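A.B. asks: Data: final-v9.cif, mmCIF, C-alpha atoms.
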data_input
#
loop_
_atom_site.label_atom_id
_atom_site.label_comp_id
_atom_site.auth_asym_id
_atom_site.auth_seq_id
_atom_site.Cartn_x
_atom_site.Cartn_y
_atom_site.Cartn_z
CA MET A 113 124.35 166.20 95.81
CA ASN A 114 121.91 167.41 98.47
CA THR A 115 118.35 166.34 97.62
CA GLU A 116 117.12 169.84 98.52
CA GLN A 117 118.99 171.11 95.44
CA GLN A 118 117.68 168.37 93.16
CA GLN A 119 114.47 168.48 91.20
CA PRO A 120 111.68 166.53 92.91
CA LEU A 121 111.06 163.05 91.55
CA PRO A 122 107.77 162.70 89.66
CA ASP A 123 104.96 160.59 91.08
CA VAL A 124 104.68 157.17 89.43
CA GLU A 125 101.51 155.72 87.97
CA LYS A 126 100.32 152.87 90.20
CA PRO A 127 97.94 150.07 89.21
CA ASP A 128 94.37 150.26 90.50
CA SER A 129 95.19 147.35 92.83
CA ILE A 130 97.60 144.75 91.37
CA ARG A 131 99.47 144.42 88.09
CA GLU A 132 101.05 141.09 87.12
CA LEU A 133 104.53 141.68 85.68
CA GLY A 134 105.47 138.11 84.81
CA PRO A 135 107.54 135.12 85.94
CA VAL A 136 110.99 135.30 87.51
CA ASP A 137 113.37 132.50 88.46
CA ILE A 138 113.35 132.38 92.27
CA THR A 139 115.31 129.10 92.60
CA GLU A 140 118.58 130.58 93.90
CA LEU A 141 116.90 133.03 96.27
CA LYS A 142 114.58 130.35 97.69
CA LEU A 143 117.63 128.21 98.47
CA TRP A 144 119.39 131.17 100.13
CA VAL A 145 116.28 131.98 102.21
CA SER A 146 115.84 128.32 103.23
CA ARG A 147 119.31 128.45 104.82
CA LEU A 148 118.48 131.45 107.02
CA SER A 149 118.26 130.52 110.67
CA GLU A 150 115.54 131.72 113.03
CA THR A 151 118.29 133.64 114.80
CA ILE A 152 119.06 135.62 111.63
CA TRP A 153 115.35 136.30 111.03
CA ASN A 154 114.96 137.54 114.59
CA GLN A 155 118.13 139.66 114.57
CA GLU A 156 117.30 141.30 111.25
CA ASP A 157 113.67 141.86 112.25
CA GLU A 158 114.83 143.59 115.41
CA ARG A 159 116.89 146.13 113.42
CA LYS A 160 114.15 147.07 110.93
CA GLU A 161 112.92 150.63 110.64
CA ASN A 162 109.39 149.62 109.60
CA LYS A 163 108.12 148.57 113.05
CA PHE A 164 104.44 149.33 112.58
CA PRO A 165 101.57 147.75 114.58
CA CYS A 166 99.92 146.35 111.43
CA PHE A 167 102.86 143.91 111.05
CA HIS A 168 102.26 142.15 114.40
CA HIS A 169 103.07 138.61 113.16
CA THR A 170 105.34 139.56 110.28
CA ARG A 171 109.12 139.44 110.37
CA HIS A 172 111.30 141.31 107.91
CA ILE A 173 114.84 141.10 106.68
CA VAL A 174 115.50 144.58 105.34
CA PHE A 175 118.23 144.79 102.69
CA ARG A 176 117.68 148.42 101.67
CA PHE A 177 115.41 151.12 103.08
CA ILE A 178 114.42 154.77 102.70
CA PRO A 179 114.81 156.73 105.96
CA SER A 180 111.34 157.64 107.24
CA ASN A 181 110.02 157.00 103.70
CA ARG A 182 111.10 160.47 102.59
CA ASP A 183 113.17 160.76 99.41
CA PRO A 184 114.10 157.47 97.70
CA ARG A 185 117.39 159.04 96.61
CA GLU A 186 118.48 158.92 100.28
CA SER A 187 118.16 155.15 100.67
CA TYR A 188 120.66 153.10 102.64
CA ALA A 189 121.82 149.47 102.60
CA ASN A 190 122.04 147.20 105.62
CA PRO A 191 125.05 144.85 105.84
CA ILE A 192 122.99 141.84 104.71
CA TRP A 193 122.44 143.55 101.32
CA HIS A 194 126.10 143.01 100.46
CA LEU A 195 125.74 139.26 101.02
CA CYS A 196 122.94 138.75 98.54
CA GLN A 197 122.78 141.66 96.08
CA GLY A 198 124.23 139.35 93.41
CA ILE A 199 121.14 137.13 93.76
CA LEU A 200 118.64 139.96 94.14
CA LEU A 201 119.61 142.40 91.38
CA PRO A 202 118.97 139.95 88.49
CA LEU A 203 115.52 139.20 89.97
CA PHE A 204 114.74 142.90 90.26
CA GLU A 205 115.83 143.56 86.68
CA LYS A 206 113.79 140.66 85.29
CA ALA A 207 110.69 141.69 87.27
CA ILE A 208 110.76 145.30 86.05
CA ALA A 209 111.52 144.53 82.40
CA PRO A 210 107.95 145.50 81.37
CA TYR A 211 108.59 149.09 82.51
CA GLY A 212 111.48 149.62 80.08
CA PHE A 213 113.43 151.77 82.56
CA SER A 214 116.81 153.01 81.35
CA GLN A 215 118.28 153.77 84.81
CA PRO A 216 116.37 151.77 87.45
CA VAL A 217 117.17 152.44 91.12
CA PHE A 218 116.12 150.04 93.88
CA PRO A 219 115.93 152.09 97.09
CA LYS A 220 114.00 149.58 99.19
CA ALA A 221 114.21 145.79 99.36
CA MET A 222 113.22 143.24 101.99
CA LEU A 223 111.92 139.80 102.76
CA ALA A 224 108.55 139.71 104.53
CA ARG A 225 107.48 136.56 106.34
CA VAL A 226 103.83 136.44 107.50
CA ALA A 227 103.38 133.67 110.07
CA ALA A 228 100.92 130.87 109.36
CA GLY A 229 97.44 131.68 110.58
CA HIS A 230 98.05 135.42 110.86
CA ILE A 231 97.37 138.67 109.03
CA ILE A 232 98.80 142.06 108.20
CA ASP A 233 96.11 144.61 109.04
CA ARG A 234 94.82 146.73 106.20
CA HIS A 235 96.89 149.88 106.03
CA VAL A 236 98.21 152.54 103.63
CA ASP A 237 101.97 152.96 103.22
CA GLY A 238 101.57 156.74 103.21
CA ALA A 239 102.84 159.52 101.01
CA GLY A 240 106.47 160.62 100.75
CA SER A 241 108.63 158.14 98.86
CA ASN A 242 105.70 155.78 98.26
CA LEU A 243 104.34 158.17 95.63
CA LYS A 244 107.67 158.11 93.79
CA THR A 245 108.30 154.36 93.54
CA HIS A 246 106.68 151.21 92.17
CA LYS A 247 106.23 148.51 94.85
CA ILE A 248 106.90 144.97 93.64
CA HIS A 249 106.12 141.65 95.38
CA ILE A 250 107.63 138.33 94.36
CA PRO A 251 106.20 135.40 96.35
CA LEU A 252 108.90 132.90 97.34
CA SER A 253 106.67 130.54 99.31
CA THR A 254 102.95 130.66 99.85
CA ASN A 255 99.90 128.47 100.33
CA PRO A 256 96.39 128.40 98.83
CA ASP A 257 95.00 130.25 101.86
CA ALA A 258 97.34 133.27 101.64
CA PHE A 259 95.88 136.42 100.09
CA PHE A 260 96.87 139.99 99.33
CA CYS A 261 93.78 142.04 100.20
CA THR A 262 92.59 145.39 98.91
CA GLU A 263 89.48 147.30 99.93
CA LYS A 264 87.26 145.13 97.73
CA ASP A 265 89.22 142.07 96.58
CA ARG A 266 91.52 139.28 97.69
CA PHE A 267 94.29 138.05 95.38
CA HIS A 268 96.31 134.87 95.71
CA LEU A 269 99.81 135.77 94.48
CA GLU A 270 101.62 132.81 92.89
CA GLU A 271 105.20 131.80 93.66
CA GLY A 272 107.75 133.03 91.14
CA ILE A 273 105.49 135.70 89.61
CA ALA A 274 106.28 139.40 90.06
CA TYR A 275 103.42 141.77 90.86
CA GLU A 276 103.20 145.51 91.31
CA VAL A 277 100.84 146.46 94.13
CA ASN A 278 99.25 149.81 94.88
CA ASN A 279 100.63 150.56 98.33
CA ILE A 280 99.00 153.98 98.68
CA LYS A 281 95.53 152.44 98.79
CA PRO A 282 94.36 150.30 101.74
CA HIS A 283 95.85 146.81 101.56
CA GLY A 284 96.75 143.94 103.85
CA VAL A 285 97.46 140.21 103.98
CA GLU A 286 95.55 137.19 105.21
CA ASN A 287 97.56 134.03 105.71
CA ARG A 288 94.94 131.54 106.88
CA GLY A 289 97.14 128.61 105.83
CA ASP A 290 99.32 126.38 107.96
CA THR A 291 102.64 127.53 106.44
CA ASP A 292 104.39 130.90 106.50
CA ARG A 293 104.08 133.21 103.50
CA ASN A 294 107.43 134.65 102.31
CA HIS A 295 107.67 137.48 99.79
CA LEU A 296 110.56 139.41 98.33
CA ILE A 297 109.40 143.03 98.24
CA PHE A 298 111.24 145.89 96.58
CA GLU A 299 110.66 149.36 95.23
CA VAL A 300 111.96 150.92 92.04
CA TYR A 301 111.99 154.20 90.16
CA ASP A 302 113.66 155.31 86.94
CA GLN A 303 116.47 157.75 87.65
CA ALA A 304 116.39 158.85 84.02
CA VAL A 305 112.93 160.41 84.35
#
So that I can check it, write out the structure of this file as structure tokens.
C.D. replies:
Amino acid sequence: MNTEQQQPLPDVEKPDSIRELGPVDITELKLWVSRLSETIWNQEDERKENKFPCFHHTRHIVFRFIPSNRDPRESYANPIWHLCQGILLPLFEKAIAPYGFSQPVFPKAMLARVAAGHIIDRHVDGAGSNLKTHKIHIPLSTNPDAFFCTEKDRFHLEEGIAYEVNNIKPHGVENRGDTDRNHLIFEVYDQAV
């Protein structure tokens, strides 16, 4: 069905800054990520749509994305999604259990790797689809000097805990540690609403 003929999706209620959703078992995904070569990281990063200046020392592996962040119902999957959706979908479902969605849809999913000693500049993800979806982070590897930053606060996000972040307010990342910070990031909305 053409999205122009569909009813608009409602805006979702976002946390003020961060909402902890609870623990998830990242064991299988961490093993899968540890086997990814630098070549794969570089190839997948090169194909990403989200090539914004604020990500200067961040590489992404994009599984699913929303073209130009318009309507989340128009999302697409990259080939790498088909290799690991069996690992990712159970993590997504566990992370969003507190929402009680009856028909969750996951239009955007990626790995984000912030290099040791670098930052993601504070930015706002913008309107469009970002108003219609919840944005979830699951840290896969981090260090004590890696922080998710809002306008006023810095939060250390723990490995294996799912968090919803407010991506329509200014936010960024500081990784002052000596190891890379890897997060699984995905977006979700309830198709039943």
A.B. asks: Can you tell me which residues surround Trp153 of chain A at a distance of at most 8 Å, considering only C-alpha atoms, apart from same-chain residues fewer than 3 positions away, and format the answer as a PDB file with C-alpha atoms, in the frame of the given file?
C.D. replies:
ATOM      1  CA  LEU A 148     118.480 131.450 107.020  1.00  0.00           C
ATOM      2  CA  SER A 149     118.260 130.520 110.670  1.00  0.00           C
ATOM      3  CA  GLU A 150     115.540 131.720 113.030  1.00  0.00           C
ATOM      4  CA  GLU A 156     117.300 141.300 111.250  1.00  0.00           C
ATOM      5  CA  ASP A 157     113.670 141.860 112.250  1.00  0.00           C
ATOM      6  CA  ARG A 171     109.120 139.440 110.370  1.00  0.00           C
ATOM      7  CA  HIS A 172     111.300 141.310 107.910  1.00  0.00           C
ATOM      8  CA  ILE A 173     114.840 141.100 106.680  1.00  0.00           C
TER       9      ILE A 173
END
A.B. asks: From the options A:Lys264, A:Arg182, A:Arg159, A:His169, which residue's atoms come nearest to Leu243 of chain A, counting all atoms listed in the file?
C.D. replies: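 For Leu243 of chain A, the nearest of the candidates is A:Arg182.
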A.B. asks: Just so the selection is clear, what residues does the PyMOL selection byres ((chain A and resi 245-261) around 6) cover here, as a PyMOL selection string?
C.D. replies: chain A and resi 242-244+262+265-268+271-277+283-289+293-301
A.B. asks: Those residues with C-alpha atoms, as a PDB file, in the coordinates of the input please?
C.D. replies:
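Here's the written file out-v3.pdb:
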ATOM      1  CA  ASN A 242     105.700 155.780  98.260  1.00  0.00           C
ATOM      2  CA  LEU A 243     104.340 158.170  95.630  1.00  0.00           C
ATOM      3  CA  LYS A 244     107.670 158.110  93.790  1.00  0.00           C
ATOM      4  CA  THR A 262      92.590 145.390  98.910  1.00  0.00           C
ATOM      5  CA  ASP A 265      89.220 142.070  96.580  1.00  0.00           C
ATOM      6  CA  ARG A 266      91.520 139.280  97.690  1.00  0.00           C
ATOM      7  CA  PHE A 267      94.290 138.050  95.380  1.00  0.00           C
ATOM      8  CA  HIS A 268      96.310 134.870  95.710  1.00  0.00           C
ATOM      9  CA  GLU A 271     105.200 131.800  93.660  1.00  0.00           C
ATOM     10  CA  GLY A 272     107.750 133.030  91.140  1.00  0.00           C
ATOM     11  CA  ILE A 273     105.490 135.700  89.610  1.00  0.00           C
ATOM     12  CA  ALA A 274     106.280 139.400  90.060  1.00  0.00           C
ATOM     13  CA  TYR A 275     103.420 141.770  90.860  1.00  0.00           C
ATOM     14  CA  GLU A 276     103.200 145.510  91.310  1.00  0.00           C
ATOM     15  CA  VAL A 277     100.840 146.460  94.130  1.00  0.00           C
ATOM     16  CA  HIS A 283      95.850 146.810 101.560  1.00  0.00           C
ATOM     17  CA  GLY A 284      96.750 143.940 103.850  1.00  0.00           C
ATOM     18  CA  VAL A 285      97.460 140.210 103.980  1.00  0.00           C
ATOM     19  CA  GLU A 286      95.550 137.190 105.210  1.00  0.00           C
ATOM     20  CA  ASN A 287      97.560 134.030 105.710  1.00  0.00           C
ATOM     21  CA  ARG A 288      94.940 131.540 106.880  1.00  0.00           C
ATOM     22  CA  GLY A 289      97.140 128.610 105.830  1.00  0.00           C
ATOM     23  CA  ARG A 293     104.080 133.210 103.500  1.00  0.00           C
ATOM     24  CA  ASN A 294     107.430 134.650 102.310  1.00  0.00           C
ATOM     25  CA  HIS A 295     107.670 137.480  99.790  1.00  0.00           C
ATOM     26  CA  LEU A 296     110.560 139.410  98.330  1.00  0.00           C
ATOM     27  CA  ILE A 297     109.400 143.030  98.240  1.00  0.00           C
ATOM     28  CA  PHE A 298     111.240 145.890  96.580  1.00  0.00           C
ATOM     29  CA  GLU A 299     110.660 149.360  95.230  1.00  0.00           C
ATOM     30  CA  VAL A 300     111.960 150.920  92.040  1.00  0.00           C
ATOM     31  CA  TYR A 301     111.990 154.200  90.160  1.00  0.00           C
TER      32      TYR A 301
END
A.B. asks: So, counting all atoms listed in the file, which residue among A:Tyr211, A:Thr291, A:Lys220, A:Gly229 is closest to Glu125 of chain A?
C.D. replies: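 Of all the options, A:Tyr211 lies closest to Glu125 of chain A.
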A.B. asks: At a cut-off of 12 Å around the point (118.4, 155.6, 101.8) (file coordinates), what residues fall inside when counting all atoms listed in the file? I'd like the answer as a ChimeraX atom specification.
C.D. replies: /A:115,161,174-190,217-221,241,299
A.B. asks: One decimal, in Å: what's the spacing between atom CA of Lys281 of chain A and atom CA of Val236 of chain A?
C.D. replies: 5.5 Å
